[in-house]
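Structure file target-v6.cif (mmCIF, C-alpha atoms) follows.
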```cif
data_protein
loop_
_atom_site.label_atom_id
_atom_site.label_comp_id
_atom_site.auth_asym_id
_atom_site.auth_seq_id
_atom_site.Cartn_x
_atom_site.Cartn_y
_atom_site.Cartn_z
CA MET A 1 37.38 28.38 -15.72
CA THR A 2 37.49 30.05 -19.09
CA ARG A 3 34.93 29.51 -21.82
CA GLY A 4 37.55 27.66 -23.84
CA SER A 5 38.43 25.28 -21.02
CA PHE A 6 34.72 24.69 -20.34
CA TYR A 7 34.13 23.61 -23.93
CA HIS A 8 37.29 21.52 -23.84
CA HIS A 9 35.68 19.39 -21.10
CA PHE A 10 31.98 19.66 -22.01
CA ARG A 11 30.09 19.89 -25.29
CA ASN A 12 27.51 22.31 -23.86
CA ARG A 13 25.63 23.24 -20.69
CA GLU A 14 23.50 20.09 -20.81
CA ASP A 15 26.62 17.91 -20.99
CA PHE A 16 28.02 19.75 -17.96
CA VAL A 17 24.78 19.35 -15.98
CA ARG A 18 24.54 15.64 -16.86
CA THR A 19 28.16 15.08 -15.78
CA LEU A 20 27.65 16.98 -12.53
CA LEU A 21 24.44 15.15 -11.66
CA ALA A 22 25.82 11.74 -12.62
CA ALA A 23 28.69 12.29 -10.17
CA TRP A 24 26.20 13.36 -7.47
CA GLU A 25 23.99 10.33 -8.16
CA GLU A 26 26.96 7.96 -7.96
CA ASP A 27 28.36 9.43 -4.73
CA TYR A 28 25.14 10.29 -2.93
CA THR A 29 23.09 7.26 -3.95
CA GLU A 30 24.94 4.32 -5.47
CA ARG A 31 27.95 4.42 -3.12
CA MET A 32 25.73 5.15 -0.15
CA LEU A 33 23.43 2.20 -0.89
CA ALA A 34 26.38 -0.11 -1.60
CA TYR A 35 27.87 0.77 1.80
CA ALA A 36 24.55 0.25 3.55
CA GLY A 37 23.97 -3.05 1.74
CA GLN A 38 27.05 -4.52 3.43
CA GLY A 39 25.13 -4.78 6.70
CA SER A 40 24.62 -8.28 8.06
CA SER A 41 20.91 -7.87 8.85
CA ALA A 42 18.03 -5.70 7.67
CA GLY A 43 18.27 -3.63 10.85
CA GLU A 44 21.99 -3.07 10.39
CA ILE A 45 21.48 -2.20 6.71
CA LEU A 46 18.97 0.50 7.64
CA LYS A 47 21.22 1.83 10.40
CA ARG A 48 24.16 2.00 7.98
CA TYR A 49 21.94 3.73 5.40
CA LEU A 50 20.80 6.33 7.91
CA SER A 51 24.33 6.86 9.28
CA ILE A 52 25.96 7.43 5.90
CA ALA A 53 23.08 9.65 4.80
CA ALA A 54 23.53 11.79 7.92
CA GLU A 55 27.19 12.37 7.03
CA LYS A 56 26.55 13.65 3.49
CA GLN A 57 26.57 17.37 2.66
CA PRO A 58 22.93 18.48 3.01
CA GLY A 59 23.41 21.70 1.07
CA ARG A 60 24.04 19.81 -2.15
CA GLU A 61 20.88 17.77 -1.78
CA VAL A 62 18.77 20.81 -0.86
CA SER A 63 20.15 22.79 -3.82
CA ILE A 64 19.63 19.97 -6.31
CA ARG A 65 16.07 19.35 -5.07
CA ALA A 66 15.25 23.07 -5.48
CA TRP A 67 16.94 23.15 -8.91
CA SER A 68 14.89 20.12 -9.98
CA LEU A 69 11.69 22.14 -9.60
CA HIS A 70 12.80 24.45 -12.43
CA ASP A 71 14.90 22.26 -14.72
CA PRO A 72 13.39 19.11 -16.26
CA LEU A 73 16.80 17.48 -16.74
CA VAL A 74 17.64 17.94 -13.07
CA GLY A 75 14.13 16.72 -12.24
CA GLU A 76 14.85 13.46 -14.08
CA PHE A 77 17.95 12.84 -11.98
CA GLN A 78 16.17 13.80 -8.75
CA GLN A 79 13.26 11.48 -9.51
CA ARG A 80 15.60 8.60 -10.32
CA VAL A 81 17.59 9.12 -7.11
CA ASP A 82 14.43 9.37 -4.99
CA THR A 83 13.00 6.23 -6.58
CA ARG A 84 16.23 4.28 -6.08
CA ARG A 85 16.57 5.32 -2.43
CA LEU A 86 12.91 4.67 -1.65
CA ASP A 87 13.02 1.24 -3.33
CA PHE A 88 16.11 0.36 -1.28
CA ALA A 89 14.44 1.44 1.97
CA ILE A 90 11.26 -0.52 1.21
CA ARG A 91 13.13 -3.68 0.14
CA THR A 92 15.17 -3.55 3.33
CA CYS A 93 12.08 -2.97 5.47
CA ARG A 94 10.41 -6.00 3.89
CA ARG A 95 13.11 -8.08 5.56
CA LEU A 96 12.18 -6.56 8.93
CA VAL A 97 8.40 -6.89 8.87
CA HIS A 98 6.10 -9.08 6.85
CA MET A 99 2.74 -7.40 7.43
CA PRO A 100 1.25 -6.27 4.10
CA GLY A 101 1.85 -2.58 3.55
CA GLN A 102 3.95 -2.01 6.68
CA ALA A 103 7.34 -2.16 4.93
CA GLU A 104 6.16 0.38 2.38
CA VAL A 105 5.03 2.78 5.11
CA ILE A 106 8.23 2.42 7.14
CA GLY A 107 10.45 2.71 4.07
CA GLN A 108 8.60 5.83 2.94
CA VAL A 109 8.86 7.38 6.42
CA ALA A 110 12.63 6.72 6.52
CA HIS A 111 12.98 8.27 3.05
CA LEU A 112 10.89 11.30 4.00
CA CYS A 113 12.84 11.75 7.26
CA LEU A 114 15.99 12.13 5.20
CA ILE A 115 14.41 14.65 2.84
CA GLY A 116 12.71 16.54 5.67
CA GLY A 117 15.89 16.60 7.72
CA GLN A 118 17.75 18.06 4.76
CA GLN A 119 15.14 20.73 4.13
CA ALA A 120 14.78 21.66 7.81
CA GLY A 121 18.52 22.05 8.26
CA LEU A 122 18.87 19.16 10.74
CA ARG A 123 21.68 17.68 8.70
CA ARG A 124 23.95 20.64 9.33
CA ASP A 125 24.79 18.83 12.56
CA ALA A 126 25.48 15.27 11.36
CA ALA A 127 25.77 13.82 14.88
CA ARG A 128 22.45 15.32 15.97
CA PHE A 129 20.72 14.21 12.78
CA ASN A 130 22.19 10.73 13.15
CA ARG A 131 20.84 10.51 16.72
CA PHE A 132 17.43 11.65 15.51
CA LEU A 133 17.31 9.07 12.71
CA HIS A 134 18.50 6.24 14.93
CA GLY A 135 15.98 7.22 17.59
CA ALA A 136 13.20 7.15 15.00
CA PHE A 137 14.43 3.78 13.75
CA SER A 138 14.43 2.40 17.32
CA LEU A 139 10.82 3.54 17.75
CA PHE A 140 9.87 1.69 14.56
CA GLU A 141 11.73 -1.42 15.68
CA GLY A 142 9.88 -1.42 19.00
CA ALA A 143 6.50 -0.82 17.40
CA LEU A 144 7.08 -3.56 14.84
CA ALA A 145 8.39 -6.25 17.18
CA PRO A 146 4.96 -7.90 17.68
CA TRP A 147 4.33 -7.99 13.90
CA ARG A 148 7.54 -9.62 12.77
CA ALA A 149 7.36 -13.09 11.33
#
```
Go ahead and render the structure in this file as structure tokens.
Amino acid sequence: MTRGSFYHHFRNREDFVRTLLAAWEEDYTERMLAYAGQGSSAGEILKRYLSIAAEKQPGREVSIRAWSLHDPLVGEFQQRVDTRRLDFAIRTCRRLVHMPGQAEVIGQVAHLCLIGGQQAGLRRDAARFNRFLHGAFSLFEGALAPWRA
């Protein structure tokens, strides 16, 4: 890309970064959550969420998270994405268990499993990561069974 073609498409670097991150946010958060939300039960919604997350390119997420530590604009996008994903996980978990505080803990653990899996490189093997996430979810389901309303 030449400098002229860059400025034909973007006003400046900030405009480019905003456009890039908006596309990432739409594809890696909004579309992912919309797909997951089509599940027929809270359990299926979480399984769909974990499955689609396991199939995404982890390198992009790892790079953006690292970039966000040094660029406040990127940090804004990262914080918004993390908040949106965490809120989704907690809302879904509230449909699974009705003990005060439990949904928040489980939702946060699911969210942190995704981030940790990305950072640890587990997501380079989507099938393996998917098995790990579904195994963790099954453990939660079993542990929560007595507490469900």
Which residues of range 8-50 of chain A come within 12 Å of range 76-82 of chain A, and for each one, what is the closest pair of atoms and their distance in Å to one decimal, counting all atoms listed in the file, sorted by chain and residue number, as JSON lines?
```
{"residue": "A:Val17", "atom": "CA", "partner": "A:Phe77", "partner_atom": "CA", "distance": 10.2}
{"residue": "A:Arg18", "atom": "CA", "partner": "A:Phe77", "partner_atom": "CA", "distance": 8.7}
{"residue": "A:Thr19", "atom": "CA", "partner": "A:Phe77", "partner_atom": "CA", "distance": 11.1}
{"residue": "A:Leu20", "atom": "CA", "partner": "A:Phe77", "partner_atom": "CA", "distance": 10.6}
{"residue": "A:Leu21", "atom": "CA", "partner": "A:Phe77", "partner_atom": "CA", "distance": 6.9}
{"residue": "A:Ala22", "atom": "CA", "partner": "A:Phe77", "partner_atom": "CA", "distance": 8.0}
{"residue": "A:Ala23", "atom": "CA", "partner": "A:Phe77", "partner_atom": "CA", "distance": 10.9}
{"residue": "A:Trp24", "atom": "CA", "partner": "A:Phe77", "partner_atom": "CA", "distance": 9.4}
{"residue": "A:Glu25", "atom": "CA", "partner": "A:Val81", "partner_atom": "CA", "distance": 6.6}
{"residue": "A:Glu26", "atom": "CA", "partner": "A:Val81", "partner_atom": "CA", "distance": 9.5}
{"residue": "A:Asp27", "atom": "CA", "partner": "A:Val81", "partner_atom": "CA", "distance": 11.0}
{"residue": "A:Tyr28", "atom": "CA", "partner": "A:Val81", "partner_atom": "CA", "distance": 8.7}
{"residue": "A:Thr29", "atom": "CA", "partner": "A:Val81", "partner_atom": "CA", "distance": 6.6}
{"residue": "A:Glu30", "atom": "CA", "partner": "A:Val81", "partner_atom": "CA", "distance": 8.9}
{"residue": "A:Met32", "atom": "CA", "partner": "A:Val81", "partner_atom": "CA", "distance": 11.4}
{"residue": "A:Leu33", "atom": "CA", "partner": "A:Val81", "partner_atom": "CA", "distance": 11.0}
```
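Checking A:Ala34, A:Ala42, A:Ile52, A:Cys93 one by one against Phe129 in chain A, counting only C-alpha atoms, you find the shortest gap at A:Ile52.
Distance check against Ala53 in chain A using all atoms listed in the file: of A:Cys113, A:Ala103, A:Ala120, A:Val97, the minimum falls on A:Cys113.
Our summary of the geometry notes that CA of Gln118 in chain A is positioned 7.7 Å from CA of Gly59 in chain A.
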Box in all listed atoms of range 24-39 of chain A, axis-aligned, with 3 Å more on each side; write out centre and edge lengths in Å to one decimal as lines of an AutoDock Vina configuration file.
```
center_x = 25.7
center_y = 4.3
center_z = -0.7
size_x = 11.3
size_y = 24.1
size_z = 20.9
```
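The residue that comes closest to Gln119 in chain A, out of A:Ala136, A:Ala89, A:Ile64, A:Ala36 and on the basis of all atoms listed in the file, is A:Ile64.
CA of Tyr35 in chain A lies 12.7 Å from CA of Glu55 in chain A.
Comparing the minimum interatomic distances between Ala66 in chain A and each of A:Ile45, A:Ala127, A:Ile115, A:Val109, counting all atoms listed in the file, we find that A:Ile115 sits nearest.
Nearest to Arg128 in chain A of all the residues A:Gly39, A:Ser51, A:Glu44, A:Arg65 is A:Ser51, counting all atoms listed in the file.
Nearest to Ala54 in chain A of all the residues A:Gly117, A:Gly107, A:Gly142, A:Gly135 is A:Gly117, counting all atoms listed in the file.
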